[in-house]
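Next comes run14.txt, with compact mmCIF, C-alpha atoms.
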```txt
# COMPACT_ATOMS: atom_id res chain seq x y z
CA MET A 1 37.72 16.94 193.27
CA SER A 2 37.91 16.91 189.53
CA GLN A 3 35.82 19.85 188.41
CA ILE A 4 33.88 19.60 185.17
CA THR A 5 31.94 22.32 183.41
CA ILE A 6 28.48 21.63 182.09
CA ALA A 7 25.54 23.58 180.70
CA MET A 8 22.17 23.11 182.41
CA GLN A 9 18.94 24.32 180.76
CA TRP A 10 15.72 24.77 182.69
CA HIS A 11 14.39 21.48 181.33
CA ASP A 12 17.52 19.73 182.59
CA TRP A 13 16.75 20.94 186.12
CA LEU A 14 13.19 19.73 185.68
CA ALA A 15 14.39 16.31 184.51
CA LEU A 16 16.74 16.11 187.51
CA PHE A 17 13.84 16.95 189.81
CA GLY A 18 11.61 14.32 188.18
CA GLN A 19 14.31 11.68 188.49
CA TYR A 20 14.69 12.32 192.23
CA LEU A 21 10.90 12.30 192.74
CA LEU A 22 10.91 8.85 191.18
CA LEU A 23 13.92 7.60 193.15
CA SER A 24 12.23 8.78 196.35
CA LEU A 25 9.42 6.29 195.84
CA LEU A 26 11.89 3.51 195.01
CA SER A 27 14.09 4.11 198.05
CA ILE A 28 12.61 1.32 200.16
CA SER A 29 14.61 1.06 203.38
CA GLY A 30 16.77 4.09 202.77
CA ALA A 31 18.11 6.42 200.09
CA ILE A 32 21.41 4.56 200.10
CA THR A 33 19.77 1.70 198.16
CA THR A 34 19.26 4.01 195.16
CA VAL A 35 22.93 5.05 194.90
CA PRO A 36 23.66 2.75 191.92
CA ASP A 37 20.78 4.28 189.98
CA MET A 38 21.90 7.83 190.82
CA HIS A 39 25.33 6.97 189.46
CA ARG A 40 23.80 5.65 186.25
CA TYR A 41 21.73 8.83 185.80
CA LEU A 42 24.12 11.59 186.91
CA VAL A 43 27.51 10.25 185.85
CA ALA A 44 27.06 7.68 183.11
CA GLN A 45 24.01 8.98 181.24
CA HIS A 46 24.20 12.80 181.57
CA GLY A 47 27.77 13.50 182.65
CA TRP A 48 26.57 16.12 185.15
CA LEU A 49 28.96 14.83 187.85
CA SER A 50 32.46 13.35 187.67
CA ASP A 51 33.09 9.94 189.22
CA ALA A 52 35.26 11.52 191.92
CA GLN A 53 32.57 14.06 192.80
CA PHE A 54 30.02 11.28 193.03
CA SER A 55 31.96 9.00 195.35
CA SER A 56 33.25 11.83 197.55
CA SER A 57 29.66 13.04 198.01
CA VAL A 58 28.77 9.66 199.49
CA ALA A 59 31.97 9.45 201.57
CA ILE A 60 31.60 12.92 203.09
CA ALA A 61 27.97 12.29 204.03
CA GLN A 62 28.99 9.02 205.71
CA ALA A 63 31.61 10.74 207.82
CA ALA A 64 29.64 13.91 208.55
CA PRO A 65 26.97 14.32 211.22
CA GLY A 66 23.37 13.94 210.17
CA PRO A 67 21.35 11.41 208.22
CA ASN A 68 23.20 9.74 205.35
CA VAL A 69 20.56 11.00 202.89
CA LEU A 70 22.47 14.31 202.88
CA PHE A 71 24.75 12.77 200.23
CA VAL A 72 21.88 13.63 197.89
CA ALA A 73 22.25 17.31 198.80
CA LEU A 74 25.98 17.20 198.01
CA MET A 75 25.30 15.67 194.60
CA GLY A 76 22.85 18.48 193.78
CA TRP A 77 25.31 21.07 195.10
CA ASN A 78 28.08 19.69 192.87
CA VAL A 79 25.84 19.59 189.79
CA GLY A 80 25.03 23.27 190.41
CA LEU A 81 28.69 24.17 190.89
CA ASN A 82 29.59 22.39 187.66
CA ALA A 83 26.86 24.34 185.86
CA GLY A 84 28.15 27.60 187.33
CA GLY A 85 31.81 27.08 186.44
CA GLY A 86 33.10 25.74 189.77
CA ILE A 87 33.36 26.91 193.37
CA GLY A 88 35.97 29.52 192.45
CA ALA A 89 33.60 31.21 190.01
CA GLY A 90 31.91 33.24 192.73
CA PRO A 91 28.38 33.87 194.03
CA GLY A 92 26.67 32.90 190.76
CA ALA A 93 28.08 29.38 191.00
CA TRP A 94 27.14 29.15 194.69
CA LEU A 95 23.57 30.14 193.87
CA LEU A 96 23.39 27.44 191.22
CA GLY A 97 24.85 25.02 193.78
CA LEU A 98 22.05 25.92 196.19
CA LEU A 99 19.52 25.48 193.38
CA GLY A 100 20.89 22.01 192.65
CA LEU A 101 20.84 21.14 196.35
CA SER A 102 17.20 22.21 196.66
CA VAL A 103 16.12 20.34 193.53
CA THR A 104 17.64 17.02 194.63
CA MET A 105 16.74 17.25 198.33
CA VAL A 106 13.11 18.30 197.80
CA GLY A 107 12.83 15.65 195.08
CA ILE A 108 14.16 12.81 197.26
CA MET A 109 12.16 13.86 200.35
CA LEU A 110 8.73 14.99 199.15
CA PRO A 111 7.08 11.78 197.84
CA SER A 112 8.50 9.45 200.49
CA THR A 113 7.66 11.65 203.49
CA THR A 114 4.13 12.31 202.20
CA LEU A 115 3.54 8.61 201.68
CA THR A 116 5.03 7.65 205.04
CA TYR A 117 2.97 10.32 206.82
CA LEU A 118 -0.32 9.10 205.32
CA ALA A 119 0.48 5.40 205.72
CA THR A 120 1.59 5.63 209.35
CA ARG A 121 -1.52 7.67 210.25
CA TRP A 122 -3.64 4.93 208.69
CA GLY A 123 -1.61 2.31 210.54
CA HIS A 124 -2.06 4.14 213.84
CA ARG A 125 -5.86 4.38 213.42
CA ASN A 126 -5.98 0.67 212.56
CA ARG A 127 -3.37 -0.47 215.07
CA GLY A 128 -5.78 -3.00 216.61
CA ARG A 129 -6.20 -4.87 213.33
CA ARG A 130 -4.65 -8.29 213.24
CA GLY A 131 -2.96 -7.54 209.93
CA VAL A 132 -1.31 -4.35 211.19
CA ARG A 133 -0.08 -6.05 214.37
CA ALA A 134 1.20 -9.06 212.42
CA PHE A 135 3.11 -6.76 210.07
CA LYS A 136 4.76 -4.72 212.82
CA GLN A 137 5.68 -7.69 215.01
CA GLY A 138 6.55 -9.98 212.12
CA MET A 139 9.07 -7.49 210.71
CA ALA A 140 10.91 -7.15 214.05
CA PRO A 141 13.36 -10.06 213.64
CA VAL A 142 13.90 -9.10 209.99
CA VAL A 143 14.80 -5.56 211.01
CA VAL A 144 17.27 -6.76 213.65
CA GLY A 145 18.96 -8.89 210.99
CA LEU A 146 19.03 -5.92 208.59
CA LEU A 147 20.69 -3.68 211.17
CA ILE A 148 23.47 -6.14 211.89
CA ALA A 149 23.93 -6.68 208.14
CA THR A 150 24.09 -2.91 207.52
CA GLY A 151 26.83 -2.59 210.14
CA TRP A 152 28.72 -5.40 208.44
CA VAL A 153 28.39 -3.86 204.96
CA LEU A 154 29.50 -0.43 206.23
CA ALA A 155 32.50 -1.93 208.01
CA ALA A 156 33.44 -3.94 204.92
CA GLY A 157 33.03 -0.88 202.65
CA ASN A 158 36.06 0.85 204.20
CA HIS A 159 38.50 -1.76 203.05
CA SER A 160 40.66 -0.62 200.16
CA GLY A 161 43.66 -2.27 198.58
CA ASP A 162 46.72 -1.24 200.59
CA ALA A 163 45.46 -0.91 204.19
CA PRO A 164 45.89 -3.96 206.49
CA ALA A 165 42.34 -5.21 206.51
CA TRP A 166 42.34 -6.97 209.90
CA HIS A 167 43.05 -3.68 211.69
CA LEU A 168 39.81 -2.24 210.33
CA TRP A 169 37.80 -5.35 211.20
CA LEU A 170 39.26 -5.30 214.71
CA LEU A 171 38.31 -1.64 215.11
CA SER A 172 34.74 -2.34 213.95
CA ALA A 173 34.48 -5.34 216.27
CA VAL A 174 35.78 -3.41 219.28
CA ALA A 175 33.38 -0.55 218.53
CA THR A 176 30.51 -3.04 218.36
CA LEU A 177 31.46 -4.56 221.73
CA VAL A 178 31.89 -1.19 223.44
CA VAL A 179 28.55 0.19 222.20
CA TRP A 180 26.79 -3.05 223.10
CA ARG A 181 28.23 -3.35 226.60
CA THR A 182 28.79 0.25 227.79
CA ARG A 183 27.05 3.61 227.70
CA ILE A 184 30.11 5.62 226.65
CA HIS A 185 29.26 8.59 224.44
CA LEU A 186 29.43 7.57 220.79
CA LEU A 187 31.41 10.66 219.78
CA TRP A 188 34.40 9.44 221.84
CA LEU A 189 34.42 6.25 219.79
CA LEU A 190 34.24 8.09 216.47
CA GLY A 191 36.99 10.44 217.62
CA ALA A 192 39.15 7.46 218.54
CA GLY A 193 38.50 5.95 215.12
CA ALA A 194 39.47 9.20 213.40
CA LEU A 195 42.69 9.44 215.45
CA LEU A 196 43.68 5.84 214.75
CA GLY A 197 42.99 6.41 211.06
CA ALA A 198 44.88 9.69 210.85
CA ALA A 199 47.86 8.13 212.67
CA GLY A 200 47.92 5.32 210.13
CA PHE A 201 47.04 2.42 212.45
CA VAL A 202 44.01 1.39 210.43
CA MET B 1 -2.45 14.85 220.98
CA HIS B 2 -3.25 11.18 221.04
CA PRO B 3 -1.33 9.11 223.60
CA SER B 4 1.00 6.38 222.43
CA PRO B 5 -0.70 3.02 221.70
CA SER B 6 0.70 0.97 224.58
CA GLY B 7 0.96 3.95 226.94
CA ALA B 8 -2.23 3.07 228.80
CA ALA B 9 -0.55 0.24 230.70
CA ALA B 10 2.44 2.34 231.83
CA PRO B 11 2.72 2.84 235.60
CA SER B 12 3.19 6.63 235.34
CA ASP B 13 2.98 9.14 232.53
CA PRO B 14 5.78 8.30 230.09
CA PRO B 15 8.13 11.19 229.27
CA GLN B 16 7.26 13.01 226.05
CA PRO B 17 8.35 16.07 224.07
CA LYS B 18 7.03 19.37 225.43
CA SER B 19 6.45 21.19 222.13
CA PRO B 20 7.29 21.13 218.42
CA ARG B 21 10.24 23.36 219.31
CA ASP B 22 11.43 20.69 221.77
CA LEU B 23 11.18 18.16 218.93
CA PHE B 24 13.16 20.41 216.58
CA VAL B 25 15.93 21.00 219.10
CA SER B 26 16.04 17.35 220.21
CA PHE B 27 16.31 16.03 216.66
CA THR B 28 18.86 18.68 215.67
CA TRP B 29 21.04 17.66 218.63
CA LEU B 30 20.53 14.02 217.81
CA ALA B 31 21.39 14.46 214.13
CA LEU B 32 24.54 16.45 214.94
CA GLN B 33 25.83 13.53 217.04
CA GLY B 34 25.15 11.08 214.23
CA PHE B 35 28.45 10.73 212.43
CA GLY B 36 28.19 7.91 209.90
CA GLY B 37 24.45 7.51 210.39
CA VAL B 38 21.96 8.57 213.01
CA LEU B 39 20.26 5.30 213.92
CA ALA B 40 22.55 4.34 216.80
CA ILE B 41 22.01 7.81 218.30
CA VAL B 42 18.23 7.63 217.88
CA GLN B 43 18.15 4.40 219.87
CA ARG B 44 20.34 5.83 222.63
CA GLU B 45 18.63 9.25 222.91
CA MET B 46 14.97 8.34 222.31
CA VAL B 47 14.90 4.99 224.13
CA GLU B 48 17.68 5.02 226.73
CA LYS B 49 17.94 8.71 227.68
CA LYS B 50 14.69 10.58 226.97
CA ARG B 51 12.50 7.44 227.13
CA TRP B 52 10.02 8.87 224.60
CA LEU B 53 9.90 5.33 223.15
CA THR B 54 10.00 1.92 224.82
CA PRO B 55 12.33 -0.62 223.17
CA GLU B 56 9.25 -2.41 221.81
CA GLN B 57 7.88 0.80 220.27
CA PHE B 58 11.30 1.59 218.82
CA LEU B 59 11.48 -1.80 217.12
CA GLU B 60 7.95 -1.53 215.73
CA ASP B 61 8.38 2.07 214.55
CA TRP B 62 11.75 1.26 213.07
CA ALA B 63 10.27 -1.66 211.13
CA VAL B 64 7.66 0.65 209.60
CA ALA B 65 10.23 3.41 208.94
CA GLN B 66 12.42 0.88 207.21
CA VAL B 67 9.85 -0.63 204.86
CA MET B 68 8.39 2.73 203.81
CA PRO B 69 10.29 4.51 201.02
CA GLY B 70 12.61 7.33 202.05
CA PRO B 71 15.47 7.75 204.51
CA ASN B 72 14.74 5.57 207.55
CA VAL B 73 15.74 7.95 210.31
CA VAL B 74 13.80 10.78 208.66
CA ASN B 75 10.71 8.54 208.48
CA LEU B 76 11.21 7.66 212.15
CA ALA B 77 11.48 11.35 213.12
CA LEU B 78 8.32 12.06 211.11
CA MET B 79 6.42 9.30 212.93
CA ILE B 80 7.55 10.37 216.40
CA GLY B 81 6.78 14.04 215.70
CA ASP B 82 3.34 13.21 214.29
CA ARG B 83 2.47 11.04 217.29
CA TYR B 84 2.76 13.97 219.71
CA PHE B 85 1.91 17.11 217.72
CA GLY B 86 0.39 15.98 214.41
CA LEU B 87 1.60 17.55 211.18
CA ARG B 88 3.33 20.42 213.03
CA GLY B 89 5.31 17.93 215.09
CA ALA B 90 6.20 15.87 212.03
CA ILE B 91 7.53 18.93 210.19
CA ALA B 92 9.43 20.13 213.28
CA ALA B 93 11.11 16.75 213.78
CA VAL B 94 12.09 16.33 210.11
CA ALA B 95 13.31 19.92 209.89
CA GLY B 96 15.41 19.36 213.00
CA MET B 97 16.90 16.24 211.48
CA LEU B 98 17.91 18.01 208.24
CA ALA B 99 18.34 21.79 208.54
CA ILE B 100 21.48 22.33 210.62
CA PRO B 101 23.23 19.12 209.45
CA LEU B 102 22.74 20.35 205.87
CA VAL B 103 24.67 23.54 206.67
CA VAL B 104 27.42 21.53 208.38
CA ILE B 105 27.80 19.11 205.49
CA LEU B 106 28.09 21.95 202.96
CA MET B 107 30.90 23.49 205.00
CA LEU B 108 32.61 20.09 205.17
CA ALA B 109 32.30 19.66 201.40
CA VAL B 110 33.96 23.03 200.81
CA LEU B 111 36.74 22.15 203.28
CA TYR B 112 37.19 18.71 201.76
CA ALA B 113 37.74 20.27 198.34
CA HIS B 114 40.95 21.76 199.81
CA TYR B 115 42.23 18.72 201.73
CA ALA B 116 41.15 15.80 199.54
CA GLY B 117 44.72 14.71 198.79
CA ASN B 118 45.87 14.58 202.44
CA PRO B 119 46.53 10.96 203.62
CA GLN B 120 45.73 11.80 207.26
CA VAL B 121 42.29 13.06 206.25
CA ALA B 122 41.65 9.92 204.21
CA GLY B 123 42.82 7.77 207.15
CA ALA B 124 40.57 9.57 209.62
CA LEU B 125 37.59 9.05 207.31
CA ARG B 126 38.46 5.36 207.08
CA GLY B 127 38.76 4.97 210.86
CA MET B 128 35.45 6.71 211.47
CA GLY B 129 33.83 4.51 208.84
CA ALA B 130 35.02 1.36 210.61
CA VAL B 131 33.64 2.63 213.94
CA SER B 132 30.30 3.66 212.45
CA GLY B 133 29.84 0.13 211.08
CA GLY B 134 30.30 -1.15 214.62
CA LEU B 135 27.75 1.35 215.99
CA ILE B 136 25.00 0.15 213.66
CA ALA B 137 25.75 -3.53 214.27
CA ALA B 138 25.65 -2.99 218.05
CA THR B 139 22.28 -1.25 217.73
CA GLY B 140 20.91 -4.41 216.15
CA ILE B 141 22.52 -6.68 218.74
CA LYS B 142 21.03 -4.61 221.59
CA LEU B 143 17.54 -5.22 220.20
CA ILE B 144 17.89 -9.03 220.24
CA PRO B 145 16.64 -9.47 223.86
CA GLN B 146 13.36 -7.78 222.83
CA LEU B 147 12.66 -10.77 220.57
CA ARG B 148 12.23 -13.04 223.62
CA LYS B 149 8.61 -11.86 223.94
CA HIS B 150 7.89 -12.38 220.24
CA PRO B 151 4.86 -14.50 219.21
CA LEU B 152 7.09 -16.71 217.03
CA GLY B 153 9.36 -17.63 219.92
CA PHE B 154 12.97 -16.63 220.49
CA ALA B 155 14.58 -19.45 218.52
CA ALA B 156 12.56 -18.83 215.35
CA CYS B 157 13.37 -15.11 215.60
CA LEU B 158 17.09 -15.84 215.82
CA VAL B 159 16.81 -17.99 212.68
CA PHE B 160 15.19 -15.04 210.85
CA VAL B 161 17.94 -12.69 212.08
CA ALA B 162 20.60 -15.08 210.80
CA LEU B 163 18.86 -15.63 207.45
CA VAL B 164 18.47 -11.89 206.82
CA PHE B 165 22.07 -11.23 207.81
CA GLY B 166 23.33 -13.99 205.52
CA ALA B 167 21.20 -12.89 202.58
CA ILE B 168 22.15 -9.20 202.78
CA ALA B 169 25.70 -9.17 204.14
CA LEU B 170 27.13 -12.38 202.70
CA LEU B 171 25.06 -13.25 199.60
CA LYS B 172 24.31 -9.60 198.63
CA VAL B 173 20.70 -10.37 197.71
CA PRO B 174 18.83 -7.16 196.72
CA LEU B 175 16.97 -5.81 199.73
CA GLY B 176 13.56 -5.78 198.07
CA TRP B 177 13.65 -9.54 197.58
CA VAL B 178 14.77 -10.16 201.16
CA LEU B 179 11.97 -8.00 202.55
CA LEU B 180 9.42 -9.63 200.29
CA ALA B 181 10.47 -13.23 200.94
CA LEU B 182 11.74 -13.39 204.54
CA GLY B 183 9.60 -10.45 205.72
CA GLY B 184 6.53 -11.96 204.06
CA VAL B 185 7.05 -15.35 205.71
CA ALA B 186 7.71 -13.74 209.12
CA CYS B 187 4.58 -11.57 208.92
CA ALA B 188 2.31 -14.38 207.65
CA TRP B 189 3.58 -16.73 210.36
CA THR B 190 3.09 -14.05 213.04
CA TRP B 191 -0.42 -13.43 211.71
CA ARG B 192 -1.28 -17.10 212.28
CA ARG B 193 0.21 -17.04 215.78
CA ILE B 194 -1.51 -13.94 217.23
CA ALA B 195 -5.11 -14.20 218.34
CA PRO B 196 -7.67 -12.56 216.04
```
Write the structure described by the file as structure tokens, please.
Amino acid sequence: MSQITIAMQWHDWLALFGQYLLLSLLSISGAITTVPDMHRYLVAQHGWLSDAQFSSSVAIAQAAPGPNVLFVALMGWNVGLNAGGGIGAGPGAWLLGLLGLSVTMVGIMLPSTTLTYLATRWGHRNRGRRGVRAFKQGMAPVVVGLLIATGWVLAAGNHSGDAPAWHLWLLSAVATLVVWRTRIHLLWLLGAGALLGAAGFV
Amino acid sequence: MHPSPSGAAAPSDPPQPKSPRDLFVSFTWLALQGFGGVLAIVQREMVEKKRWLTPEQFLEDWAVAQVMPGPNVVNLALMIGDRYFGLRGAIAAVAGMLAIPLVVILMLAVLYAHYAGNPQVAGALRGMGAVSGGLIAATGIKLIPQLRKHPLGFAACLVFVALVFGAIALLKVPLGWVLLALGGVACAWTWRRIAP
């Protein structure tokens, strides 16, 4: 990862925190929808992250266990490392990395979870209302369509220039069929995908 | 705490988490299986294995989790935790979803810094990405049979599924507009169909 060195003042950290508080409220249907705006803010406007650090943060979070929102933590971690002179610079840089991680993660989580908590409690108390029932049931087919579309977009996002594209599509299609029709543990499938990829088949 | 909304009609007591600690451990385990996204695992663990949620509840909760701001699976964990143990349960479930995976991902980031140039590593990431796309798509496909009981009728639901898929995956329409337009029509139409 191309390391860059930056200087962060306390008001820079505050601005970073404020930006993530704002993005939290805008992240309707997932933090991944705010990625373009994070790129604009962190890379283009402030230069706190390099392009390579930005895209590898997203890629690692996609491949790693856990919710995809953890890419936000990696971005904060990298901003902190850059401010501390890089991962080789020792404990001071790691501490700044942890500071960056906390600033971005708390920022992206706090407003959205508070709002969701209050709204779903209200929805549960008023679950008999016609409006609440119409909303929950009416969104069901939309959500099914969104899920299938998300799978499609994720599968398509792996295609880069030189790899034979139909191999990747075939792998995605087979994975879809197997998960749909069997109860095999999902980790076996991901392991198979990793092996096929490492061996150069896809 | 309060029983689940449709639980009254169930033949026997539906399974449920024993304590906030049970929630924390369950969601940690669930999150650690979720390579490339946790949703497929949530459906399998919560609905098919533990049966804390019926497929109908999963679909309804997921719809709410998806339209609220914030990471969907975290919102879903929050809602499930709150349903059984209130605020304590919500915090336990969200903490389970995030704490240990955060440590794992940091270790991976440090490792990756050493192996970024290796073509095998890049290939493995690509293969896992292709599989994880399939996992999410299959999760959606598995929910289609639930739409048979929908107030709008199965055929109309399938049209909505196809329209949403086309708008997002093929036409790349921004999600907010899709939710507002297609979601708005679906909800308004459902509102007219269900008895007051």
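Using all atoms listed in the file, the contacts of Thr28 of chain B at a cut-off of 8 Å, with sequence neighbours closer than 2 positions omitted, comprise Phe24, Val25, Ser26, Leu30, Ala31, Leu32, Gly96, Met97, Leu98, Ala99, Ile100 and Pro101 of chain B.
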What does the file look like for those residues with C-alpha atoms, as a short mmCIF file (atom, residue, chain, number, x, y, z; two decimals), keeping the file's coordinate frame?
```
data_model
loop_
_atom_site.label_atom_id
_atom_site.label_comp_id
_atom_site.auth_asym_id
_atom_site.auth_seq_id
_atom_site.Cartn_x
_atom_site.Cartn_y
_atom_site.Cartn_z
CA PHE B 24 13.16 20.41 216.58
CA VAL B 25 15.93 21.00 219.10
CA SER B 26 16.04 17.35 220.21
CA LEU B 30 20.53 14.02 217.81
CA ALA B 31 21.39 14.46 214.13
CA LEU B 32 24.54 16.45 214.94
CA GLY B 96 15.41 19.36 213.00
CA MET B 97 16.90 16.24 211.48
CA LEU B 98 17.91 18.01 208.24
CA ALA B 99 18.34 21.79 208.54
CA ILE B 100 21.48 22.33 210.62
CA PRO B 101 23.23 19.12 209.45
#
```
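Of the residues under consideration (A:Gly18, A:Gly191, A:Phe135, A:Leu147), A:Leu147 shows the shortest atom-to-atom contact distance to Leu39 of chain B when counting all atoms listed in the file.
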Using all atoms listed in the file and a cutoff of 10 Å, can you tell me which residues are near (44.4, 9.2, 209.5) in the file's coordinates, and write them out as a ChimeraX atom specification? /A:193-202 /B:118-128
Go ahead and fit an axis-aligned box to every listed atom of segment 116-122 of chain B plus 3 Å each side, and pass me the centre and edge lengths in Å, one decimal, as lines of an AutoDock Vina configuration file.
```
center_x = 43.8
center_y = 12.9
center_z = 203.0
size_x = 11.4
size_y = 11.9
size_z = 14.5
```
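The interatomic distance for the pair atom CA of Val179 of chain A and atom CA of Glu45 of chain B works out to 13.5 Å.
What separates atom CA of Gln57 of chain B from atom CA of His124 of chain A is a distance of 12.3 Å.
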Using all atoms listed in the file, the best pick from B:Gly34, B:Ile80, B:Ala138, B:Pro17 as closest to Arg121 of chain A would be B:Ile80
Correct to one decimal, the distance atom CA of Leu147 of chain B-atom CA of Thr120 of chain A is 22.7 Å
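In this comparison, which uses all atoms listed in the file, the residue of B:Leu76, B:Val47, B:Ala137, B:Leu163 approaching chain A most closely is B:Ala137.
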- Which residues come within 9 Å of Ile136 of chain B, counting all atoms listed in the file, excluding same-chain residues fewer than 6 positions away, as a PyMOL selection string? (chain A and resi 147-152+154+176) or (chain B and resi 37-40)
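Of the residues under consideration (B:Ala169, B:Val94, B:Val110, B:Leu175), B:Ala169 shows the shortest atom-to-atom contact distance to chain A when counting all atoms listed in the file.
Between Tyr117 of chain A and the candidates B:Val42, B:Val67, B:Val159, B:Leu87, the tightest atom-to-atom separation, counting only C-alpha atoms, involves B:Leu87.
Here the question is which of B:Gly153, B:Gly117, B:Gly129, B:Pro145 gets nearest to Val144 of chain A using all atoms listed in the file, and that residue is B:Pro145.
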Would you fill the gaps in segment 115-122 of chain A so it has all heavy atoms, then print it as a PDB file, in the coordinates of the input?
```
ATOM      1  N   LEU A 115       4.077   9.969 201.623  1.00  0.00           N
ATOM      2  CA  LEU A 115       3.540   8.610 201.680  1.00  0.00           C
ATOM      3  C   LEU A 115       3.662   8.020 203.085  1.00  0.00           C
ATOM      4  O   LEU A 115       2.709   7.420 203.615  1.00  0.00           O
ATOM      5  CB  LEU A 115       4.288   7.740 200.663  1.00  0.00           C
ATOM      6  CG  LEU A 115       3.712   6.361 200.419  1.00  0.00           C
ATOM      7  CD1 LEU A 115       2.337   6.486 199.781  1.00  0.00           C
ATOM      8  CD2 LEU A 115       4.641   5.559 199.504  1.00  0.00           C
ATOM      9  N   THR A 116       4.824   8.200 203.702  1.00  0.00           N
ATOM     10  CA  THR A 116       5.030   7.650 205.040  1.00  0.00           C
ATOM     11  C   THR A 116       4.068   8.292 206.034  1.00  0.00           C
ATOM     12  O   THR A 116       3.491   7.609 206.890  1.00  0.00           O
ATOM     13  CB  THR A 116       6.484   7.895 205.489  1.00  0.00           C
ATOM     14  OG1 THR A 116       7.355   7.269 204.563  1.00  0.00           O
ATOM     15  CG2 THR A 116       6.734   7.328 206.879  1.00  0.00           C
ATOM     16  N   TYR A 117       3.877   9.609 205.911  1.00  0.00           N
ATOM     17  CA  TYR A 117       2.970  10.320 206.820  1.00  0.00           C
ATOM     18  C   TYR A 117       1.553   9.747 206.728  1.00  0.00           C
ATOM     19  O   TYR A 117       0.950   9.392 207.739  1.00  0.00           O
ATOM     20  CB  TYR A 117       2.980  11.803 206.455  1.00  0.00           C
ATOM     21  CG  TYR A 117       2.117  12.658 207.351  1.00  0.00           C
ATOM     22  CD1 TYR A 117       2.537  12.978 208.632  1.00  0.00           C
ATOM     23  CD2 TYR A 117       0.889  13.131 206.906  1.00  0.00           C
ATOM     24  CE1 TYR A 117       1.753  13.757 209.455  1.00  0.00           C
ATOM     25  CE2 TYR A 117       0.094  13.910 207.723  1.00  0.00           C
ATOM     26  CZ  TYR A 117       0.531  14.226 208.996  1.00  0.00           C
ATOM     27  OH  TYR A 117      -0.245  14.992 209.814  1.00  0.00           O
ATOM     28  N   LEU A 118       1.054   9.604 205.495  1.00  0.00           N
ATOM     29  CA  LEU A 118      -0.320   9.100 205.320  1.00  0.00           C
ATOM     30  C   LEU A 118      -0.419   7.645 205.770  1.00  0.00           C
ATOM     31  O   LEU A 118      -1.363   7.263 206.461  1.00  0.00           O
ATOM     32  CB  LEU A 118      -0.737   9.246 203.858  1.00  0.00           C
ATOM     33  CG  LEU A 118      -0.804  10.696 203.351  1.00  0.00           C
ATOM     34  CD1 LEU A 118      -1.117  10.737 201.866  1.00  0.00           C
ATOM     35  CD2 LEU A 118      -1.841  11.482 204.144  1.00  0.00           C
ATOM     36  N   ALA A 119       0.563   6.834 205.403  1.00  0.00           N
ATOM     37  CA  ALA A 119       0.480   5.400 205.720  1.00  0.00           C
ATOM     38  C   ALA A 119       0.581   5.157 207.218  1.00  0.00           C
ATOM     39  O   ALA A 119      -0.132   4.303 207.764  1.00  0.00           O
ATOM     40  CB  ALA A 119       1.601   4.655 204.984  1.00  0.00           C
ATOM     41  N   THR A 120       1.461   5.892 207.916  1.00  0.00           N
ATOM     42  CA  THR A 120       1.590   5.630 209.350  1.00  0.00           C
ATOM     43  C   THR A 120       0.376   6.140 210.112  1.00  0.00           C
ATOM     44  O   THR A 120      -0.004   5.565 211.127  1.00  0.00           O
ATOM     45  CB  THR A 120       2.871   6.257 209.934  1.00  0.00           C
ATOM     46  OG1 THR A 120       2.894   7.637 209.614  1.00  0.00           O
ATOM     47  CG2 THR A 120       4.097   5.575 209.387  1.00  0.00           C
ATOM     48  N   ARG A 121      -0.269   7.220 209.615  1.00  0.00           N
ATOM     49  CA  ARG A 121      -1.520   7.670 210.250  1.00  0.00           C
ATOM     50  C   ARG A 121      -2.588   6.586 210.113  1.00  0.00           C
ATOM     51  O   ARG A 121      -3.300   6.276 211.059  1.00  0.00           O
ATOM     52  CB  ARG A 121      -2.022   8.949 209.573  1.00  0.00           C
ATOM     53  CG  ARG A 121      -1.131  10.124 209.831  1.00  0.00           C
ATOM     54  CD  ARG A 121      -1.938  11.377 209.923  1.00  0.00           C
ATOM     55  NE  ARG A 121      -1.529  12.099 211.117  1.00  0.00           N
ATOM     56  CZ  ARG A 121      -2.180  13.145 211.584  1.00  0.00           C
ATOM     57  NH1 ARG A 121      -3.265  13.573 210.984  1.00  0.00           N
ATOM     58  NH2 ARG A 121      -1.742  13.751 212.663  1.00  0.00           N
ATOM     59  N   TRP A 122      -2.687   6.005 208.907  1.00  0.00           N
ATOM     60  CA  TRP A 122      -3.640   4.930 208.690  1.00  0.00           C
ATOM     61  C   TRP A 122      -3.319   3.759 209.615  1.00  0.00           C
ATOM     62  O   TRP A 122      -4.199   3.201 210.270  1.00  0.00           O
ATOM     63  CB  TRP A 122      -3.609   4.484 207.216  1.00  0.00           C
ATOM     64  CG  TRP A 122      -4.588   3.399 206.931  1.00  0.00           C
ATOM     65  CD1 TRP A 122      -5.882   3.562 206.534  1.00  0.00           C
ATOM     66  CD2 TRP A 122      -4.368   1.990 207.033  1.00  0.00           C
ATOM     67  NE1 TRP A 122      -6.474   2.326 206.396  1.00  0.00           N
ATOM     68  CE2 TRP A 122      -5.573   1.358 206.698  1.00  0.00           C
ATOM     69  CE3 TRP A 122      -3.260   1.208 207.390  1.00  0.00           C
ATOM     70  CZ2 TRP A 122      -5.708  -0.029 206.696  1.00  0.00           C
ATOM     71  CZ3 TRP A 122      -3.391  -0.163 207.392  1.00  0.00           C
ATOM     72  CH2 TRP A 122      -4.615  -0.772 207.043  1.00  0.00           C
TER      73      TRP A 122
END
```
